[in-house]
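Participant: Right, I'll just put the structure down here and ask away after.
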Amino acid sequence: MAREPKNYEHLIGKIKGLSENQLRNHFTLYQGYVKKLNEIEQKLGTVDKSAPNYSYNEYSELKRREPVAYNGTFLHEAYFDNLGGEGTQPTDAFKNGVVQQFGSWDNYIADIKAACGSAHGWVLTCYGYADNKLRNVLVQSEHHVGLMADTHIFVAIDCWEHAYFMDYGTKKPDYIAAVLASLNWTVIGDRAKQSPLGHQKP
Ligand SMILES: [Fe+2]
C-alpha cells in the first residue's frame, strides 16, 4: 500500500524564524521523497531480477536509489517531528547521557553548531549501539551517505540549503539558532526512552 506523506501544517507559524513560504516549500520537497519511495517500492515488486549489474540494470539501480528515497522520507519526518517545541526542556535521562558523553550540555550544543556548520546535509544526534556512544553524525552528499550502522536517531537537523535559503540566504548560523530554539525536547526525550539512555538513573 502506498505511503501517505505526514501532514505538518501545524508547524506553520509555530517556528520562530521559519516563514510559511520556507516551510511550505520544504513540505513539498519532502512529499516528493515519499512519492519516489512509493514508486521505487512498487517497481521493485515487478522488475526483472534476472540480470543484475554493477554498471547498469533497472533492478540494480532501483536498489541503489532506494536508501535515498527512504532516508529522504524518514529523515525529513524525524526533522519535522522534532520541531515546534519552543520552551520544552530536555529530559534528565537525555541530559545525563549528553553530559556523560560531551562533558557538558554546552559542549554538546557547541558540537551540534560545529557539525551544522560543516554539513550540507543532515546533522543527527545518534546513539551507537555498537560502541554505546552518543555522537553528532553528518549525513551529506546523499541522504544515506554518512549514516552510521546500528544507530538510534534522537535529534535530526536539516542543514541542506533548501531548508533555510529562502529565509536566511547565506546566514546559516541564524537558521541553526532558530532550529535549536525550536527543538522539541519532549519528542527527543521520548525517542531516547527507547534506548539505553532512557534507562539511566537521573
Ligand atoms: Fe530537507
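By convention in this document, the chains of the C-alpha cells carry letters A, B, ... by their order, each chain's residues are numbered from 1, and ligands are numbered from 1 in the order they are shown.
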Residues up to 10 Å from ligand 1, counting only C-alpha atoms and all ligand atoms: could you list those as a PyMOL selection string?

Facilitator: chain A and resi 23+25-30+33+72-73+75-77+79-80+121-122+143+157-164

Participant: Write out as number ranges by chain all residues of region 27-185 of chain A that DSSP puts in helix (DSSP H, G or I) for this structure's backbone.

Facilitator: A: 27-44, 58-81, 92-102, 105-118, 161-163, 165-168, 172-182, 185

Participant: Quick one: residues within 10 Å of Gly85 (chain A), only C-alpha atoms, excluding same-chain residues fewer than 6 positions away - as a count of residues only?

Facilitator: 12

Participant: Between A:His10, A:His152, A:Lys193, A:Lys49, which one has atoms that come closest to Asp81 (chain A), using only C-alpha atoms?

Facilitator: A:His10

Participant: According to DSSP computed on the backbone, where in region 120-197 of chain A is there strand (DSSP E or B)? Give the residues as JSON, numbers by chain.

Facilitator: {"A": [122, 123, 124, 125, 126, 127, 128, 133, 134, 135, 136, 137, 138, 139, 151, 152, 153, 154, 155, 156, 157, 158]}

Participant: Find, counting only C-alpha atoms, the residue in A:Lys63, A:Arg3, A:Lys16, A:His199 that gets nearest to Ile176 (chain A).

Facilitator: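 Looking only at the distances to Ile176 (chain A), the closest residue turns out to be A:Lys16.
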
Participant: Out of A:Asp48, A:Asn21, A:Tyr56, A:Ala177, which residue has the shortest atom-to-atom distance to Ala110 (chain A) when counting only C-alpha atoms?

Facilitator: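 Of A:Asp48, A:Asn21, A:Tyr56, A:Ala177, the one nearest Ala110 (chain A) is A:Ala177, counting only C-alpha atoms.
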
Participant: Would you work out the distance separating CA of Pro196 (chain A) from CA of Phe74 (chain A), expressed in Å to one decimal?

Facilitator: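 Separating CA of Pro196 (chain A) from CA of Phe74 (chain A) is a distance of 22.3 Å.
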
Participant: I want to know what sits within 10 Å of Val123 (chain A), based on only C-alpha atoms, with residues of the same chain fewer than 4 positions away left out; could you give that as JSON, numbers by chain?

Facilitator: {"A": [79, 112, 113, 114, 115, 116, 117, 118, 119, 136, 137, 138, 139, 140, 147, 155, 156, 157, 158, 159, 160]}

Participant: So that I can check the surroundings of Ala149 (chain A), please list as JSON, numbers by chain every protein, DNA and RNA residue that reaches within 9 Å of it, counting only C-alpha atoms and ignoring chain neighbours fewer than 3 positions away.

Facilitator: {"A": [128, 129, 130]}

Participant: At what distance in Å, to one decimal, does CA of Gln89 (chain A) lie from CA of Lys133 (chain A)?

Facilitator: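 Here the two named atoms are 22.0 Å from each other.
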
Participant: Name the closest residue to Cys126 (chain A) among the candidates A:Thr88, A:Arg191, A:Asp174, A:Ile109; distances are taken between atoms, counting only C-alpha atoms.

Facilitator: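 Checking each of A:Thr88, A:Arg191, A:Asp174, A:Ile109 against Cys126 (chain A), counting only C-alpha atoms, the winner is A:Arg191.
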
Participant: Using Å and a single decimal, report how far CA of Gln42 (chain A) sits from CA of Glu66 (chain A).

Facilitator: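 Result for CA of Glu66 (chain A) versus CA of Gln42 (chain A): 11.2 Å, one decimal.
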
Participant: So which residues touch Leu44 (chain A) within 12 Å, counting only C-alpha atoms, skipping near sequence neighbours fewer than 4 positions away, as a list in words?

Facilitator: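 Skipping anything fewer than 4 positions along the chain leaves Leu37, Asn38, Glu39, Ile40, Asp48, Lys49, Glu58, Tyr59, Ser60, Glu61, Leu62, Lys63, Arg64, Arg65 and Glu66 of chain A.
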
Participant: Quick one: write out the picked residues with all heavy atoms as a tab-separated table (two decimals), in the first residue's frame?

Facilitator:
chain	number	residue	atom	x	y	z
A	37	LEU	N	9.71	7.10	-3.02
A	37	LEU	CA	9.83	5.85	-2.26
A	37	LEU	C	8.72	4.89	-2.68
A	37	LEU	O	8.96	3.69	-2.91
A	37	LEU	CB	9.77	6.13	-0.76
A	37	LEU	CG	9.90	4.92	0.16
A	37	LEU	CD1	11.21	4.17	-0.07
A	37	LEU	CD2	9.78	5.32	1.63
A	38	ASN	N	7.51	5.40	-2.81
A	38	ASN	CA	6.39	4.57	-3.27
A	38	ASN	C	6.67	4.01	-4.66
A	38	ASN	O	6.45	2.82	-4.92
A	38	ASN	CB	5.10	5.39	-3.31
A	38	ASN	CG	4.52	5.62	-1.92
A	38	ASN	OD1	4.75	4.84	-1.01
A	38	ASN	ND2	3.79	6.70	-1.75
A	39	GLU	N	7.17	4.87	-5.54
A	39	GLU	CA	7.43	4.45	-6.92
A	39	GLU	C	8.50	3.35	-6.96
A	39	GLU	O	8.35	2.34	-7.64
A	39	GLU	CB	7.88	5.67	-7.73
A	39	GLU	CG	8.10	5.40	-9.21
A	39	GLU	CD	8.61	6.64	-9.94
A	39	GLU	OE1	8.39	7.78	-9.48
A	39	GLU	OE2	9.27	6.45	-10.98
A	40	ILE	N	9.58	3.57	-6.20
A	40	ILE	CA	10.67	2.57	-6.18
A	40	ILE	C	10.17	1.24	-5.63
A	40	ILE	O	10.44	0.18	-6.19
A	40	ILE	CB	11.87	3.12	-5.36
A	40	ILE	CG1	12.58	4.24	-6.14
A	40	ILE	CG2	12.86	2.00	-5.02
A	40	ILE	CD1	13.62	5.01	-5.34
A	48	ASP	N	12.33	-7.08	-13.40
A	48	ASP	CA	13.08	-8.30	-13.72
A	48	ASP	C	14.37	-8.35	-12.89
A	48	ASP	O	15.14	-7.38	-12.87
A	48	ASP	CB	13.41	-8.27	-15.22
A	48	ASP	CG	14.28	-9.44	-15.64
A	48	ASP	OD1	14.28	-10.46	-14.92
A	48	ASP	OD2	14.97	-9.32	-16.67
A	49	LYS	N	14.59	-9.47	-12.20
A	49	LYS	CA	15.77	-9.59	-11.33
A	49	LYS	C	16.80	-10.56	-11.89
A	49	LYS	O	17.72	-10.98	-11.20
A	49	LYS	CB	15.35	-10.06	-9.93
A	49	LYS	CG	14.41	-9.10	-9.24
A	49	LYS	CD	13.93	-9.64	-7.91
A	49	LYS	CE	12.91	-8.67	-7.30
A	49	LYS	NZ	12.26	-9.17	-6.12
A	58	GLU	N	18.10	-2.17	-14.36
A	58	GLU	CA	16.97	-1.47	-13.73
A	58	GLU	C	16.80	-1.87	-12.26
A	58	GLU	O	16.66	-1.02	-11.38
A	58	GLU	CB	15.68	-1.75	-14.52
A	58	GLU	CG	14.57	-0.80	-14.12
A	58	GLU	CD	13.27	-1.05	-14.88
A	58	GLU	OE1	13.31	-1.84	-15.86
A	58	GLU	OE2	12.25	-0.48	-14.49
A	59	TYR	N	16.84	-3.19	-11.99
A	59	TYR	CA	16.73	-3.65	-10.60
A	59	TYR	C	17.88	-3.07	-9.75
A	59	TYR	O	17.66	-2.53	-8.67
A	59	TYR	CB	16.76	-5.18	-10.53
A	59	TYR	CG	16.94	-5.69	-9.12
A	59	TYR	CD1	15.86	-5.81	-8.26
A	59	TYR	CD2	18.21	-6.03	-8.63
A	59	TYR	CE1	16.02	-6.23	-6.95
A	59	TYR	CE2	18.38	-6.45	-7.33
A	59	TYR	CZ	17.29	-6.56	-6.48
A	59	TYR	OH	17.45	-6.97	-5.19
A	60	SER	N	19.12	-3.16	-10.28
A	60	SER	CA	20.30	-2.71	-9.53
A	60	SER	C	20.18	-1.21	-9.20
A	60	SER	O	20.51	-0.78	-8.09
A	60	SER	CB	21.57	-2.95	-10.36
A	60	SER	OG	21.63	-4.30	-10.77
A	61	GLU	N	19.73	-0.45	-10.17
A	61	GLU	CA	19.64	1.00	-9.97
A	61	GLU	C	18.52	1.34	-8.97
A	61	GLU	O	18.69	2.23	-8.12
A	61	GLU	CB	19.41	1.71	-11.32
A	61	GLU	CG	19.70	3.19	-11.31
A	61	GLU	CD	21.11	3.55	-10.86
A	61	GLU	OE1	22.03	2.71	-10.90
A	61	GLU	OE2	21.29	4.71	-10.42
A	62	LEU	N	17.43	0.63	-9.04
A	62	LEU	CA	16.35	0.86	-8.05
A	62	LEU	C	16.86	0.57	-6.64
A	62	LEU	O	16.57	1.32	-5.70
A	62	LEU	CB	15.15	-0.05	-8.36
A	62	LEU	CG	14.28	0.37	-9.55
A	62	LEU	CD1	13.36	-0.78	-9.97
A	62	LEU	CD2	13.46	1.61	-9.23
A	63	LYS	N	17.65	-0.51	-6.49
A	63	LYS	CA	18.19	-0.84	-5.16
A	63	LYS	C	19.19	0.22	-4.69
A	63	LYS	O	19.27	0.53	-3.51
A	63	LYS	CB	18.89	-2.21	-5.18
A	63	LYS	CG	17.95	-3.39	-5.26
A	63	LYS	CD	16.86	-3.39	-4.19
A	63	LYS	CE	17.31	-3.79	-2.82
A	63	LYS	NZ	16.17	-3.74	-1.84
A	64	ARG	N	19.96	0.79	-5.66
A	64	ARG	CA	20.93	1.82	-5.27
A	64	ARG	C	20.23	3.10	-4.82
A	64	ARG	O	20.73	3.80	-3.96
A	64	ARG	CB	21.87	2.12	-6.45
A	64	ARG	CG	22.97	1.09	-6.61
A	64	ARG	CD	24.04	1.56	-7.58
A	64	ARG	NE	23.64	1.37	-8.96
A	64	ARG	CZ	23.93	0.26	-9.67
A	64	ARG	NH1	24.61	-0.72	-9.13
A	64	ARG	NH2	23.54	0.17	-10.92
A	65	ARG	N	19.09	3.42	-5.40
A	65	ARG	CA	18.39	4.67	-5.08
A	65	ARG	C	17.37	4.50	-3.94
A	65	ARG	O	16.89	5.50	-3.40
A	65	ARG	CB	17.70	5.23	-6.32
A	65	ARG	CG	18.63	5.50	-7.49
A	65	ARG	CD	19.88	6.29	-7.11
A	65	ARG	NE	19.56	7.65	-6.70
A	65	ARG	CZ	20.47	8.51	-6.21
A	65	ARG	NH1	21.74	8.13	-6.07
A	65	ARG	NH2	20.12	9.72	-5.87
A	66	GLU	N	17.06	3.27	-3.59
A	66	GLU	CA	16.07	3.03	-2.53
A	66	GLU	C	16.43	3.74	-1.21
A	66	GLU	O	15.58	4.40	-0.61
A	66	GLU	CB	15.93	1.51	-2.32
A	66	GLU	CG	14.84	1.12	-1.34
A	66	GLU	CD	14.78	-0.40	-1.14
A	66	GLU	OE1	15.79	-1.09	-1.40
A	66	GLU	OE2	13.73	-0.89	-0.71

Participant: A:Glu20, A:His120, A:Lys35, A:Thr91: which is nearest Lys172 (chain A), counting only C-alpha atoms?

Facilitator: A:His120

Participant: Just the residues within 12 Å of Gly198 (chain A), please, counting only C-alpha atoms, with nothing from its chain fewer than 2 positions along; format it as a count of residues only.

Facilitator: 23
